[in-house]
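*Asks:* Just upload_15.txt, nothing more (compact mmCIF, C-alpha atoms):
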```txt
# COMPACT_ATOMS: atom_id res chain seq x y z
CA MET M 220 -48.30 -24.83 0.44
CA ALA M 221 -47.39 -21.82 -1.61
CA ARG M 222 -46.88 -22.31 -5.32
CA TYR M 223 -43.90 -20.83 -7.13
CA THR M 224 -43.10 -20.11 -10.74
CA LYS M 225 -39.59 -20.35 -12.15
CA VAL M 226 -38.48 -17.10 -13.76
CA ALA M 227 -35.24 -16.95 -15.74
CA ALA M 228 -33.45 -13.62 -15.84
CA GLY M 229 -30.37 -12.96 -17.91
CA ILE M 230 -27.44 -10.63 -17.61
CA GLY M 231 -27.86 -6.90 -18.09
CA ALA M 232 -30.39 -4.90 -16.12
CA ILE M 233 -31.32 -7.76 -13.80
CA ALA M 234 -27.69 -8.53 -12.94
CA GLY M 235 -27.06 -4.90 -12.07
CA ALA M 236 -30.26 -4.62 -10.08
CA LEU M 237 -29.36 -7.67 -8.01
CA GLY M 238 -25.68 -6.93 -7.63
CA ILE M 239 -24.65 -10.16 -9.35
CA SER M 240 -22.91 -11.15 -12.54
CA ALA M 241 -23.98 -14.23 -14.47
CA LEU M 242 -25.32 -15.20 -17.86
CA ASN M 243 -28.52 -16.68 -16.54
CA TRP M 244 -30.19 -17.16 -13.16
CA SER M 245 -33.41 -18.85 -12.13
CA PHE M 246 -35.69 -17.26 -9.54
CA ASP M 247 -38.65 -18.69 -7.65
CA VAL M 248 -41.56 -16.25 -7.74
CA SER M 249 -44.64 -16.80 -5.59
CA GLU M 250 -47.95 -16.92 -7.44
CA VAL M 251 -49.64 -15.04 -4.57
CA PRO M 252 -48.35 -12.31 -2.23
CA GLU M 253 -46.70 -13.81 0.86
CA VAL M 254 -45.78 -12.37 4.24
CA SER M 255 -43.78 -14.07 6.99
CA ALA M 256 -43.42 -13.35 10.71
CA ASN M 257 -40.89 -16.12 11.44
CA VAL M 258 -37.90 -15.15 9.33
CA LEU M 259 -35.42 -17.31 11.26
CA ALA M 260 -37.15 -20.36 9.82
CA PRO M 261 -39.32 -18.66 7.19
CA THR M 262 -42.71 -20.14 6.53
CA PHE M 263 -44.48 -17.63 4.35
CA SER M 264 -48.20 -17.19 4.81
CA TYR M 265 -50.68 -16.25 2.13
CA THR M 266 -51.16 -12.51 1.90
CA CYS M 267 -51.85 -11.42 5.51
CA ILE M 268 -50.83 -12.05 9.12
CA HIS M 269 -52.90 -10.89 12.09
CA SER M 270 -51.92 -10.51 15.76
CA GLU M 271 -54.34 -10.67 18.69
CA MET M 272 -51.80 -9.08 21.07
CA ALA M 273 -50.80 -5.73 19.57
CA GLN M 274 -49.40 -3.13 21.98
CA PRO M 275 -49.11 0.58 21.05
CA LEU M 276 -46.27 1.27 18.63
CA ASP M 277 -45.38 4.71 20.00
CA ASP M 278 -43.48 5.47 23.21
CA HIS M 279 -45.74 7.78 25.23
CA GLY M 280 -46.71 9.65 22.08
CA ASP M 281 -43.25 9.66 20.48
CA LEU M 282 -42.60 7.69 17.30
CA THR M 283 -39.32 7.54 15.38
CA VAL M 284 -39.33 5.84 11.97
CA SER M 285 -36.37 4.83 9.81
CA VAL M 286 -36.60 4.04 6.08
CA TRP M 287 -33.71 2.43 4.19
CA ASN M 288 -32.99 0.44 1.04
CA ILE M 289 -30.40 -1.91 2.51
CA TYR M 290 -28.98 -3.03 -0.87
CA LYS M 291 -29.29 -6.74 -0.05
CA GLN M 292 -26.65 -6.28 2.67
CA GLN M 293 -23.88 -6.25 0.06
CA LYS M 294 -21.69 -3.74 1.91
CA ASP M 295 -19.50 -5.06 4.73
CA ASN M 296 -20.65 -2.43 7.23
CA TRP M 297 -24.41 -2.83 6.69
CA ARG M 298 -25.05 -4.24 10.18
CA SER M 299 -23.23 -1.57 12.17
CA GLU M 300 -24.93 1.13 10.09
CA LEU M 301 -28.36 -0.47 10.52
CA GLU M 302 -27.87 -0.52 14.28
CA LYS M 303 -26.82 3.14 14.19
CA VAL M 304 -29.67 4.28 11.95
CA THR M 305 -32.33 2.46 13.99
CA GLN M 306 -31.09 2.94 17.55
CA ASP M 307 -33.96 5.28 18.51
CA SER M 308 -36.57 3.88 16.12
CA ARG M 309 -39.82 2.16 16.98
CA LEU M 310 -40.39 1.25 13.32
CA VAL M 311 -37.90 0.41 10.56
CA LEU M 312 -38.96 0.02 6.92
CA LEU M 313 -36.36 -1.79 4.80
CA GLN M 314 -36.30 -2.36 1.06
CA GLU M 315 -34.12 -4.92 -0.75
CA ALA M 316 -33.75 -7.09 2.33
CA SER M 317 -32.19 -10.44 1.46
CA LEU M 318 -32.85 -13.08 4.11
CA ASN M 319 -29.36 -14.53 4.10
CA VAL M 320 -27.42 -15.95 7.06
CA PRO M 321 -25.89 -12.61 8.22
CA LEU M 322 -29.31 -10.93 8.32
CA LYS M 323 -30.81 -13.91 10.13
CA ASN M 324 -28.00 -13.71 12.68
CA TYR M 325 -28.75 -10.01 13.25
CA LEU M 326 -32.47 -10.61 13.65
CA ASP M 327 -31.83 -13.52 16.02
CA THR M 328 -30.10 -11.18 18.48
CA ALA M 329 -32.18 -8.04 17.90
CA HIS M 330 -35.36 -7.07 19.74
CA TRP M 331 -37.46 -6.51 16.64
CA LYS M 332 -40.81 -7.97 15.67
CA VAL M 333 -40.33 -8.83 12.00
CA ARG M 334 -42.63 -8.97 8.99
CA MET M 335 -41.24 -9.71 5.52
CA ALA M 336 -42.78 -9.81 2.06
CA ASN M 337 -41.45 -12.56 -0.17
CA ALA M 338 -41.02 -10.91 -3.56
CA PHE M 339 -38.93 -13.81 -4.90
CA ARG M 340 -36.38 -16.41 -3.89
CA PHE M 341 -32.88 -16.70 -5.30
CA LEU M 342 -30.84 -19.77 -4.28
CA ASN M 343 -33.65 -20.41 -1.76
CA THR M 344 -33.05 -17.01 -0.15
CA PRO M 345 -36.17 -14.80 0.10
CA ALA M 346 -35.88 -11.14 -0.86
CA GLY M 347 -38.32 -8.26 -0.48
CA VAL M 348 -39.37 -5.44 1.81
CA MET M 349 -39.14 -5.97 5.57
CA ASN M 350 -40.69 -4.23 8.59
CA LEU M 351 -38.91 -4.17 11.94
CA SER M 352 -41.06 -2.89 14.79
CA SER M 353 -40.88 -2.66 18.57
CA VAL M 354 -44.29 -4.33 18.89
CA ASN M 355 -46.44 -6.57 16.73
CA ALA M 356 -48.70 -5.02 14.14
CA LYS M 357 -52.43 -5.69 14.32
CA SER M 358 -52.24 -6.87 10.74
CA THR M 359 -49.75 -6.97 7.88
CA CYS M 360 -50.58 -7.76 4.27
CA ALA M 361 -48.22 -8.28 1.34
CA TYR M 362 -48.59 -6.92 -2.19
CA LEU M 363 -46.67 -7.75 -5.37
CA ALA M 364 -46.21 -5.84 -8.63
CA VAL M 365 -44.34 -7.56 -11.47
CA GLU M 366 -41.59 -5.67 -13.28
CA PRO M 367 -42.69 -5.54 -16.96
CA TRP M 368 -39.22 -6.22 -18.37
CA LEU M 369 -37.55 -8.35 -15.72
CA ARG M 370 -40.62 -10.38 -14.74
CA LEU M 371 -39.53 -10.23 -11.12
CA PRO M 372 -41.91 -8.61 -8.65
CA LYS M 373 -41.45 -5.61 -6.41
CA SER M 374 -43.12 -5.94 -3.00
CA ALA M 375 -44.99 -3.84 -0.48
CA LEU M 376 -46.28 -4.35 3.05
CA LEU M 377 -49.35 -2.61 4.44
CA SER M 378 -49.56 -2.82 8.24
CA GLU M 379 -51.84 -1.48 10.94
CA PHE M 380 -50.49 -0.60 14.38
CA ASN M 381 -52.25 0.40 17.57
CA LEU M 382 -51.30 3.80 19.02
CA SER M 383 -51.48 4.96 22.63
CA ASN M 384 -54.12 7.61 21.82
CA GLY M 385 -56.56 4.97 20.63
CA GLN M 386 -55.96 5.53 16.92
CA THR M 387 -54.75 3.02 14.36
CA LEU M 388 -51.70 3.86 12.24
CA ALA M 389 -51.57 2.50 8.70
CA VAL M 390 -48.02 1.97 7.41
CA VAL M 391 -47.01 1.25 3.82
CA ASN M 392 -43.48 0.01 3.07
CA LEU M 393 -43.10 0.00 -0.71
CA HIS M 394 -40.40 -0.76 -3.25
CA GLY M 395 -41.56 0.82 -6.50
CA VAL M 396 -41.58 -0.81 -9.92
CA ASN M 397 -38.42 0.35 -11.65
CA PHE M 398 -37.98 -0.87 -15.23
CA SER M 399 -41.02 0.19 -17.24
CA VAL M 400 -41.44 2.47 -20.26
CA GLY M 401 -44.80 3.99 -19.41
CA LEU M 402 -46.53 4.63 -16.11
CA ASP M 403 -49.37 2.10 -16.21
CA GLU M 404 -47.65 -0.58 -14.12
CA TYR M 405 -46.29 2.05 -11.75
CA LYS M 406 -49.75 3.57 -11.18
CA ALA M 407 -51.30 0.14 -10.73
CA GLN M 408 -48.91 -0.66 -7.88
CA PHE M 409 -50.09 2.37 -5.92
CA ASN M 410 -53.74 1.94 -6.85
CA LYS M 411 -53.85 -1.51 -5.22
CA LEU M 412 -52.90 0.12 -1.95
CA LYS M 413 -55.26 3.06 -2.37
CA LYS M 414 -58.30 0.78 -2.27
CA VAL M 415 -57.37 -0.09 1.32
CA LEU M 416 -56.02 3.28 2.43
CA ASP M 417 -59.15 5.11 1.22
CA LYS M 418 -61.07 3.26 3.94
CA HIS M 419 -58.59 3.98 6.70
CA ILE M 420 -59.53 6.48 9.39
CA GLY M 421 -56.52 7.90 11.21
CA PRO M 422 -52.81 8.52 10.67
CA ILE M 423 -50.84 7.04 7.76
CA ILE M 424 -47.17 6.62 6.91
CA LEU M 425 -46.21 5.90 3.30
CA ALA M 426 -42.50 5.30 2.75
CA GLY M 427 -39.85 3.39 0.82
CA ASP M 428 -37.76 3.36 -2.31
CA PHE M 429 -40.26 4.55 -4.91
CA ASN M 430 -37.79 4.64 -7.83
CA THR M 431 -38.95 8.13 -8.78
CA TRP M 432 -36.15 8.77 -11.25
CA ARG M 433 -38.23 10.89 -13.61
CA GLN M 434 -40.87 13.58 -13.22
CA GLY M 435 -43.77 11.44 -14.42
CA ARG M 436 -43.16 8.98 -11.61
CA LEU M 437 -42.87 11.77 -9.06
CA ASP M 438 -46.18 13.16 -10.31
CA VAL M 439 -47.87 9.78 -9.74
CA VAL M 440 -46.59 9.64 -6.16
CA THR M 441 -47.49 13.27 -5.48
CA GLN M 442 -51.04 12.81 -6.76
CA PHE M 443 -51.42 9.59 -4.78
CA ALA M 444 -50.22 11.29 -1.59
CA GLU M 445 -52.44 14.33 -2.08
CA SER M 446 -55.50 12.16 -2.66
CA LEU M 447 -54.98 10.69 0.82
CA GLY M 448 -54.06 13.94 2.54
CA LEU M 449 -50.43 12.91 3.01
CA VAL M 450 -47.61 15.40 3.56
CA ASP M 451 -44.08 15.02 2.18
CA VAL M 452 -41.60 14.95 5.07
CA GLN M 453 -39.32 18.00 5.23
CA LEU M 454 -35.70 16.90 5.69
CA ALA M 455 -33.23 19.13 7.54
CA HIS M 456 -30.24 17.39 5.91
CA ASP M 457 -31.48 15.93 2.65
CA GLN M 458 -28.75 13.67 1.32
CA ARG M 459 -31.05 11.21 -0.42
CA ILE M 460 -29.60 9.48 -3.46
CA LYS M 461 -30.83 11.06 -6.69
CA VAL M 462 -31.06 9.74 -10.24
CA PHE M 463 -31.48 12.29 -13.03
CA GLY M 464 -31.82 14.85 -10.26
CA LYS M 465 -34.80 13.11 -8.63
CA PRO M 466 -34.76 11.52 -5.15
CA LEU M 467 -35.68 7.82 -5.09
CA ASP M 468 -36.62 7.46 -1.41
CA HIS M 469 -39.61 9.09 0.27
CA LEU M 470 -41.63 9.36 3.45
CA TYR M 471 -45.13 10.82 3.51
CA TYR M 472 -47.37 11.11 6.56
CA ARG M 473 -50.84 12.14 7.75
CA GLN M 474 -52.28 13.16 11.14
CA LEU M 475 -48.91 13.08 12.89
CA ASP M 476 -46.78 16.02 14.07
CA LEU M 477 -43.26 16.05 12.64
CA VAL M 478 -40.57 16.91 15.18
CA LYS M 479 -37.52 16.52 12.94
CA ALA M 480 -36.28 14.46 10.00
CA GLU M 481 -33.03 13.92 8.13
CA ALA M 482 -31.47 11.80 5.40
CA PRO M 483 -27.86 11.25 6.50
CA ALA M 484 -25.17 9.95 4.16
CA THR M 485 -23.78 6.42 4.48
CA ASP M 486 -21.47 4.13 2.54
CA ALA M 487 -23.26 0.99 3.80
CA SER M 488 -25.73 0.93 0.87
CA ASP M 489 -26.36 2.54 -2.49
CA HIS M 490 -29.19 4.47 -0.78
CA ASN M 491 -29.14 6.84 2.18
CA PRO M 492 -31.70 6.35 4.96
CA ILE M 493 -34.51 8.64 6.07
CA ILE M 494 -34.99 9.07 9.83
CA ALA M 495 -38.08 10.92 11.07
CA GLN M 496 -39.33 11.67 14.57
CA PHE M 497 -43.07 12.24 15.13
CA THR M 498 -45.43 12.89 18.01
CA LEU M 499 -49.06 11.84 18.08
CA GLN M 500 -51.73 14.48 17.68
```
Would you encode the structure as structure tokens?
*Replies:*
Amino acid sequence: MARYTKVAAGIGAIAGALGISALNWSFDVSEVPEVSANVLAPTFSYTCIHSEMAQPLDDHGDLTVSVWNIYKQQKDNWRSELEKVTQDSRLVLLQEASLNVPLKNYLDTAHWKVRMANAFRFLNTPAGVMNLSSVNAKSTCAYLAVEPWLRLPKSALLSEFNLSNGQTLAVVNLHGVNFSVGLDEYKAQFNKLKKVLDKHIGPIILAGDFNTWRQGRLDVVTQFAESLGLVDVQLAHDQRIKVFGKPLDHLYYRQLDLVKAEAPATDASDHNPIIAQFTLQ
């Protein structure tokens, strides 16, 4: 059984970050990273899940990926917009997914294979990053990074998918640490992943809400991407949400050919999605 720690968070930054208003809330935070494959009746596993039957993720060499901070499904039109954003996608990387009844109902009727990181539980509802894919990943591992001020973790998933050309695609879905004065905690979150990605041979996708609201944070991400040979996706219609003039959401890639990419506007979240179409090399 997983062990949880009670974390109390008061009003102010945490209330705004969670879209709630209260004087004090109690959150259950896992003591180890957890990932679940059965989100309709979630039993979270320690750290990693492996699949023996993993088909190629791409469709005859084509691979469309969507990235979106879904804002805990707080907007009424989140479901219709999610279906629109992901209609041609083989892989969907969500941040701020809250496993409430409406999301469970969507997943129960959708065709997706689901992997979710349990960053924390609020009122027994897990929240964290979530991968939706057309096929099972070979492996998916969860990572946690605790917010220095709020004491609630941000999560990441690192998955490996088979491709039809015989390669293995590594995919990182990351929600970046947000409330910190310096960059130490922010760098540490990426460095945990780098230890694994340094050993990976083949294509990589690194994407999510990185909370790059100042230049120092952007520099950390840029250096991390360059060290792995990753390229920043070029968006034809870049309507990503910006804070202090800096975009928060990103998609980097390696050893894939970009066909087209865009970041269309939506009112179904406080973030706009990124949709990118690739072909295999």
*Asks:* Please write as a ChimeraX atom specification the list of polymer residues whose atoms come within 7 Å of (-20.2, -1.7, 5.7), counting all atoms listed in the file and keeping to the coordinates of the file.
*Replies:* /M:294-297,486-487
*Asks:* List as a list in words the protein and nucleic acid residues near Asp327 in chain M, meaning an atom at most 10 Å away when all atoms listed in the file are counted, but skip any in the same chain fewer than 6 places from it.
*Replies:* Val258, Leu259 and Pro321 of chain M
*Asks:* For Gln474 in chain M, which of M:Val462, M:Ile424, M:Ala444, M:Leu437 is the closest residue, counting all atoms listed in the file?
*Replies:*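 Of M:Val462, M:Ile424, M:Ala444, M:Leu437, the one nearest Gln474 in chain M, counting all atoms listed in the file, is M:Ile424.
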*Asks:* Distance CA of Phe409 in chain M-CA of Ala273 in chain M, one decimal place?
*Replies:*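 So the two atoms, CA of Phe409 in chain M and CA of Ala273 in chain M, lie 26.8 Å apart.
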*Asks:* Expressed in Å to a single decimal, how great is the separation between CA of Leu470 in chain M and CA of Tyr265 in chain M?
*Replies:*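 The value is 27.2 Å.
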*Asks:* Please return the centre and edge lengths, in Å to one decimal, of a box with edges along x, y and z that contains all listed atoms of range 326-343 of chain M, widened by 3 Å on every side, as JSON.
*Replies:*
```
{"center_x": -36.4, "center_y": -13.5, "center_z": 7.2, "size_x": 18.7, "size_y": 19.9, "size_z": 31.0}
```
*Asks:* Just the residues within 12 Å of Pro261 in chain M, please, counting all atoms listed in the file, with nothing from its chain fewer than 5 positions along; format it as a list in words.
*Replies:*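 My list of contacting residues is Glu253, Val254, Ser255, Ala256, Leu318, Asn319, Lys323, Val333, Arg334, Met335, Ala336, Asn337, Arg340, Asn343, Thr344, Pro345 and Ala346 of chain M.
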*Asks:* If I take CA of Gln386 in chain M and CA of Gln500 in chain M, how far is one from the other in Å, to one decimal?
*Replies:*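 If I compute the distance from CA of Gln386 in chain M to CA of Gln500 in chain M, I get 9.9 Å.
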*Asks:* Which polymer residues, whether protein, DNA or RNA, lie within 12 Å of the coordinate (-40.8, 9.7, -9.7) when you count only C-alpha atoms? List them as number ranges by chain, using the chain letters and numbers from the file.
*Replies:* M: 395-397, 401-402, 405-406, 428-443, 461-469
*Asks:* With only C-alpha atoms as the basis for distance, which of M:Thr387, M:Ser399, M:Val286, M:Glu404 is at the shortest distance from Tyr471 in chain M?
*Replies:*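 Using only C-alpha atoms, the shortest distance to Tyr471 in chain M belongs to M:Val286.
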*Asks:* Got a sec: who's within 7 Å of Ala455 in chain M, counting all atoms listed in the file, leaving out chain neighbours fewer than 2 positions off, as a PyMOL selection string?
*Replies:* chain M and resi 453+457+480-481
*Asks:* Please identify every residue of range 392-412 of chain M that has at least one atom no farther than 12 Å from an atom of range 302-314 of chain M, counting only C-alpha atoms, and for each give the shortest atom pair and the distance in Å to one decimal, arranged by chain then increasing number, as CSV.
*Replies:*
```
residue,atom,partner,partner_atom,distance
M:Asn392,CA,M:Leu312,CA,5.9
M:Leu393,CA,M:Gln314,CA,7.4
M:His394,CA,M:Gln314,CA,6.2
M:Gly395,CA,M:Gln314,CA,9.7
```
*Asks:* Pick from M:Ala484, M:Cys267, M:Val251, M:Leu475: nearest to Leu382 in chain M, with all atoms listed in the file counted?
*Replies:* M:Leu475
*Asks:* Find, counting only C-alpha atoms, the residue in M:Ala329, M:Ile494, M:Ala407, M:Leu282 that gets nearest to Tyr362 in chain M.
*Replies:*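 Under the stated criterion, the closest residue is M:Ala407.
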*Asks:* Restricting the calculation to only C-alpha atoms: of M:Leu454, M:Ile268, M:Leu326, M:Ile420, which residue gets closest to Ser378 in chain M?
*Replies:*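 Residue with the minimum atom-to-atom distance to Ser378 in chain M: M:Ile268.
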*Asks:* Mind completing range 403-420 of chain M with N, CA and C atoms? Output as a short mmCIF file (atom, residue, chain, number, x, y, z; two decimals), in the frame of the given file, please?
*Replies:*
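Output below, filename out_36.cif:
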```
data_model
loop_
_atom_site.label_atom_id
_atom_site.label_comp_id
_atom_site.auth_asym_id
_atom_site.auth_seq_id
_atom_site.Cartn_x
_atom_site.Cartn_y
_atom_site.Cartn_z
N ASP M 403 -48.20 2.92 -16.55
CA ASP M 403 -49.37 2.10 -16.21
C ASP M 403 -49.08 1.14 -15.06
N GLU M 404 -47.99 0.39 -15.16
CA GLU M 404 -47.65 -0.58 -14.12
C GLU M 404 -47.31 0.14 -12.81
N TYR M 405 -46.67 1.28 -12.93
CA TYR M 405 -46.29 2.05 -11.75
C TYR M 405 -47.55 2.56 -11.02
N LYS M 406 -48.50 3.10 -11.77
CA LYS M 406 -49.75 3.57 -11.18
C LYS M 406 -50.52 2.43 -10.55
N ALA M 407 -50.55 1.28 -11.22
CA ALA M 407 -51.30 0.14 -10.73
C ALA M 407 -50.79 -0.33 -9.37
N GLN M 408 -49.48 -0.25 -9.16
CA GLN M 408 -48.91 -0.66 -7.88
C GLN M 408 -49.45 0.19 -6.74
N PHE M 409 -49.56 1.48 -6.95
CA PHE M 409 -50.09 2.37 -5.92
C PHE M 409 -51.61 2.24 -5.78
N ASN M 410 -52.29 2.02 -6.90
CA ASN M 410 -53.74 1.94 -6.85
C ASN M 410 -54.24 0.75 -6.05
N LYS M 411 -53.48 -0.36 -6.05
CA LYS M 411 -53.85 -1.51 -5.22
C LYS M 411 -53.91 -1.11 -3.74
N LEU M 412 -52.96 -0.31 -3.34
CA LEU M 412 -52.90 0.12 -1.95
C LEU M 412 -53.97 1.16 -1.63
N LYS M 413 -54.30 1.98 -2.60
CA LYS M 413 -55.26 3.06 -2.37
C LYS M 413 -56.64 2.52 -2.01
N LYS M 414 -56.99 1.37 -2.57
CA LYS M 414 -58.30 0.78 -2.27
C LYS M 414 -58.45 0.50 -0.78
N VAL M 415 -57.35 0.16 -0.13
CA VAL M 415 -57.37 -0.09 1.32
C VAL M 415 -57.23 1.21 2.10
N LEU M 416 -56.29 2.05 1.69
CA LEU M 416 -56.02 3.28 2.43
C LEU M 416 -57.19 4.26 2.38
N ASP M 417 -57.97 4.24 1.32
CA ASP M 417 -59.15 5.11 1.22
C ASP M 417 -60.13 4.86 2.37
N LYS M 418 -60.13 3.63 2.88
CA LYS M 418 -61.07 3.26 3.94
C LYS M 418 -60.50 3.49 5.33
N HIS M 419 -59.23 3.84 5.40
CA HIS M 419 -58.59 3.98 6.70
C HIS M 419 -58.91 5.32 7.34
N ILE M 420 -59.28 5.28 8.61
CA ILE M 420 -59.53 6.48 9.39
C ILE M 420 -58.39 6.61 10.39
#
```
